[in-house]
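Report on one structure; see the data block that follows.
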Amino acid sequence: MSGSHRYKRVAFVASPTPEATQARDALAASYSRAEPEDADVIVALGGDGLMLQTLHRFMGTGKPIYGMHRGTVGFLMNEFSEKNLMQRLDAARATIIHPLLMQAVTADGRTHESRAINEVSVFRESYQAARLRVLVDGKERLPELVADGILIATPAGSTAYNLSVQGPIIPIGSPLLALTPISPFRPRRWRGALLPDKAEVTIEIQEPQKRPTAAVADHAEVRSVHRVHVRMDHSVEINLLFDPDHSLDERILREQFGY
């Protein structure tokens, strides 16, 4: 690799599918390969599931992540090519995102802490709808929500599960969070709220023994929760790299026009 390149040491991570592992092996044969702990940049090969795993794995390290699509859904990925990787990394533009911090208090009084790139969701665990009380910055905003659940989404996650439950799409640079109900029964017409990204949301579970509820931060699940606190953790920066003609901003904008 030429000494003039922006990143000197590249690590490759891949999902276990044949398509992704073959891509990793081909790239490793063409470019000098570093171990992730020694790398200047991580190249992730797979779909959005693999990208989320990679972002969690390297969260807090400051290492930029450049994804290439070798999976099913590739919203967070660049197009795959074996050619000109170093030049693409040189030209890539950074998008900084911050995770959500979830603190879920369970029936035994323990607090479970996890971070989420996309969203934190609170779900009913049984056939009975959840009964939830919603507070924002300590002030009650919804005394009772009867629903399958509720979620808090980041701008990066607003086009994922949040969009599937009719939540708003948030441009990536917006200092906002989406608070979106999941199949609300009462109040039936409440469709959620947009909140400042400095807000702290508290979800209190009503009748938790009768209506057990789980909290999920991306892939981390906590069951039998009584209370969930969620805020954006601005102390953690995640550096995503995108090709200039394939930015996350552009893809989120396109989603708002349905293509």
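Letters for chains follow the order of the structure tokens (A, B, ...), residue numbers begin at 1 for each chain, and ligand numbers begin at 1 in the order shown.
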(request) For stretch 120-135 of chain A, list every protein, DNA or RNA residue within 6 Å, evaluated using only C-alpha atoms, and leave out those in the same chain fewer than 6 positions away; present the list as an MDAnalysis selection string. (result) chainID A and resid 141:152 201:206 211:217
Can you write just those residues out, N, CA, C and O atoms, as a CSV table (one decimal), in the first residue's frame?
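The resulting part-v9.csv:
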```
chain,number,residue,atom,x,y,z
A,141,ARG,N,-45.7,13.0,30.1
A,141,ARG,CA,-46.2,13.5,28.8
A,141,ARG,C,-47.4,12.6,28.4
A,141,ARG,O,-48.2,13.0,27.6
A,142,LEU,N,-47.4,11.3,28.8
A,142,LEU,CA,-48.5,10.4,28.5
A,142,LEU,C,-48.8,9.6,29.7
A,142,LEU,O,-48.0,8.7,30.0
A,143,PRO,N,-49.9,9.8,30.4
A,143,PRO,CA,-50.2,9.1,31.6
A,143,PRO,C,-50.4,7.6,31.4
A,143,PRO,O,-50.1,6.8,32.2
A,144,GLU,N,-51.0,7.3,30.2
A,144,GLU,CA,-51.2,5.8,29.9
A,144,GLU,C,-51.2,5.6,28.4
A,144,GLU,O,-51.9,6.3,27.6
A,145,LEU,N,-50.3,4.7,28.0
A,145,LEU,CA,-50.3,4.2,26.6
A,145,LEU,C,-50.6,2.7,26.7
A,145,LEU,O,-49.8,2.0,27.3
A,146,VAL,N,-51.6,2.3,26.1
A,146,VAL,CA,-51.9,0.9,26.0
A,146,VAL,C,-51.6,0.4,24.5
A,146,VAL,O,-52.2,0.9,23.6
A,147,ALA,N,-50.6,-0.4,24.4
A,147,ALA,CA,-50.1,-0.7,23.1
A,147,ALA,C,-49.2,-2.0,23.1
A,147,ALA,O,-49.0,-2.6,24.2
A,148,ASP,N,-48.8,-2.5,22.0
A,148,ASP,CA,-47.8,-3.6,21.9
A,148,ASP,C,-46.5,-3.1,22.5
A,148,ASP,O,-45.7,-3.9,22.9
A,149,GLY,N,-46.2,-1.8,22.4
A,149,GLY,CA,-45.0,-1.2,22.9
A,149,GLY,C,-44.7,0.2,22.4
A,149,GLY,O,-45.6,0.8,21.9
A,150,ILE,N,-43.5,0.6,22.6
A,150,ILE,CA,-43.1,1.9,22.2
A,150,ILE,C,-41.6,1.8,21.9
A,150,ILE,O,-40.9,1.0,22.4
A,151,LEU,N,-41.1,2.7,21.0
A,151,LEU,CA,-39.6,2.7,20.7
A,151,LEU,C,-39.1,4.1,20.6
A,151,LEU,O,-39.9,5.0,20.3
A,152,ILE,N,-37.8,4.2,20.9
A,152,ILE,CA,-37.1,5.5,20.7
A,152,ILE,C,-36.0,5.2,19.7
A,152,ILE,O,-35.2,4.3,19.8
A,201,VAL,N,-35.9,10.0,28.0
A,201,VAL,CA,-37.2,9.4,28.0
A,201,VAL,C,-37.2,8.3,29.1
A,201,VAL,O,-36.3,7.5,29.2
A,202,THR,N,-38.3,8.3,29.9
A,202,THR,CA,-38.5,7.3,30.9
A,202,THR,C,-39.8,6.6,30.6
A,202,THR,O,-40.9,7.2,30.4
A,203,ILE,N,-39.8,5.3,30.5
A,203,ILE,CA,-41.0,4.4,30.3
A,203,ILE,C,-41.2,3.6,31.5
A,203,ILE,O,-40.4,2.8,31.9
A,204,GLU,N,-42.3,3.9,32.2
A,204,GLU,CA,-42.7,3.2,33.4
A,204,GLU,C,-43.8,2.1,33.0
A,204,GLU,O,-44.8,2.4,32.4
A,205,ILE,N,-43.5,0.9,33.5
A,205,ILE,CA,-44.4,-0.2,33.1
A,205,ILE,C,-45.5,-0.3,34.2
A,205,ILE,O,-45.2,-0.4,35.4
A,206,GLN,N,-46.8,-0.2,33.8
A,206,GLN,CA,-47.9,-0.3,34.7
A,206,GLN,C,-48.4,-1.8,34.8
A,206,GLN,O,-48.4,-2.5,33.8
A,211,ARG,N,-48.8,-7.7,33.2
A,211,ARG,CA,-48.5,-7.4,31.8
A,211,ARG,C,-47.0,-7.3,31.7
A,211,ARG,O,-46.4,-6.2,31.6
A,212,PRO,N,-46.3,-8.4,31.7
A,212,PRO,CA,-44.8,-8.4,31.6
A,212,PRO,C,-44.3,-7.8,30.3
A,212,PRO,O,-44.9,-7.9,29.3
A,213,THR,N,-43.2,-7.1,30.5
A,213,THR,CA,-42.7,-6.2,29.4
A,213,THR,C,-41.2,-6.4,29.3
A,213,THR,O,-40.5,-6.5,30.3
A,214,ALA,N,-40.7,-6.4,28.0
A,214,ALA,CA,-39.2,-6.5,27.8
A,214,ALA,C,-38.7,-5.2,27.1
A,214,ALA,O,-39.5,-4.5,26.5
A,215,ALA,N,-37.5,-5.0,27.3
A,215,ALA,CA,-36.8,-3.8,26.7
A,215,ALA,C,-35.6,-4.4,25.9
A,215,ALA,O,-34.9,-5.3,26.3
A,216,VAL,N,-35.5,-3.8,24.6
A,216,VAL,CA,-34.5,-4.3,23.7
A,216,VAL,C,-33.7,-3.1,23.2
A,216,VAL,O,-34.3,-2.1,22.6
A,217,ALA,N,-32.4,-3.1,23.3
A,217,ALA,CA,-31.5,-2.1,22.7
A,217,ALA,C,-30.8,-2.8,21.5
A,217,ALA,O,-29.9,-3.6,21.8
```
(message) To test your reading of the structure, identify every residue in stretch 98-142 of chain A that backbone DSSP assigns to strand (DSSP E or B), and report it as a VMD selection string.
(response) chain A and resid 100 to 106 111 to 116 119 to 124 130 to 136 139 to 142
(message) Quick check, in Å to one decimal: how far apart do atom CA of A:Phe242 and atom CA of A:Pro196 lie?
(response)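 Between atom CA of A:Phe242 and atom CA of A:Pro196 the gap works out to 25.9 Å.
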(request) Using only C-alpha atoms, pick whichever of A:Thr95, A:Thr159, A:Ser235, A:Thr111 has the shortest atom-to-atom distance to A:Ser247. (result)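 When distances to A:Ser247 are compared using only C-alpha atoms, the smallest one comes from A:Thr95.
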(message) Nearest residue to A:Glu207 out of A:Leu100, A:Ala107, A:Tyr161, A:His69, using only C-alpha atoms?
(response) A:Ala107
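Candidate residues A:Ala199, A:Ser174, A:Asp48, A:His226 were compared for distance to A:Leu101, and the nearest is A:Ala199, using only C-alpha atoms.
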(request) Could you give me, as number ranges by chain, the residues within 10 Å of A:Arg115, counting only C-alpha atoms and dropping anything in the same chain fewer than 2 positions from it? (result) A: 56, 59, 98-103, 113, 117-120, 216-220, 230-233
(request) Kindly indicate which residue among A:Tyr66, A:Ser114, A:Glu237, A:Ala104 lies nearest to A:Glu79, using only C-alpha atoms for the distances. (result)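 Under the stated criterion, the closest residue is A:Tyr66.
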(request) Compare A:Met68, A:Val165, A:Leu248, A:Leu89 by their minimum atom-to-atom distance to A:Val41, counting only C-alpha atoms, and give me the closest one. (result)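 Comparing A:Met68, A:Val165, A:Leu248, A:Leu89 against A:Val41, the winner is A:Leu89.
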(message) Run DSSP on the backbone and tell me which residues of stretch 20-224 of chain A come out as alpha helix (DSSP H); list them as a ChimeraX atom specification.
(response) /A:20-30,48-57,85-91,161-164
(request) Would you list the contacts of A:Pro175 as a PyMOL selection string, taking every protein, DNA or RNA residue within 10 Å and counting only C-alpha atoms, but skipping same-chain residues closer than 3 positions in sequence? (result) chain A and resi 154-155+170-172+194-198
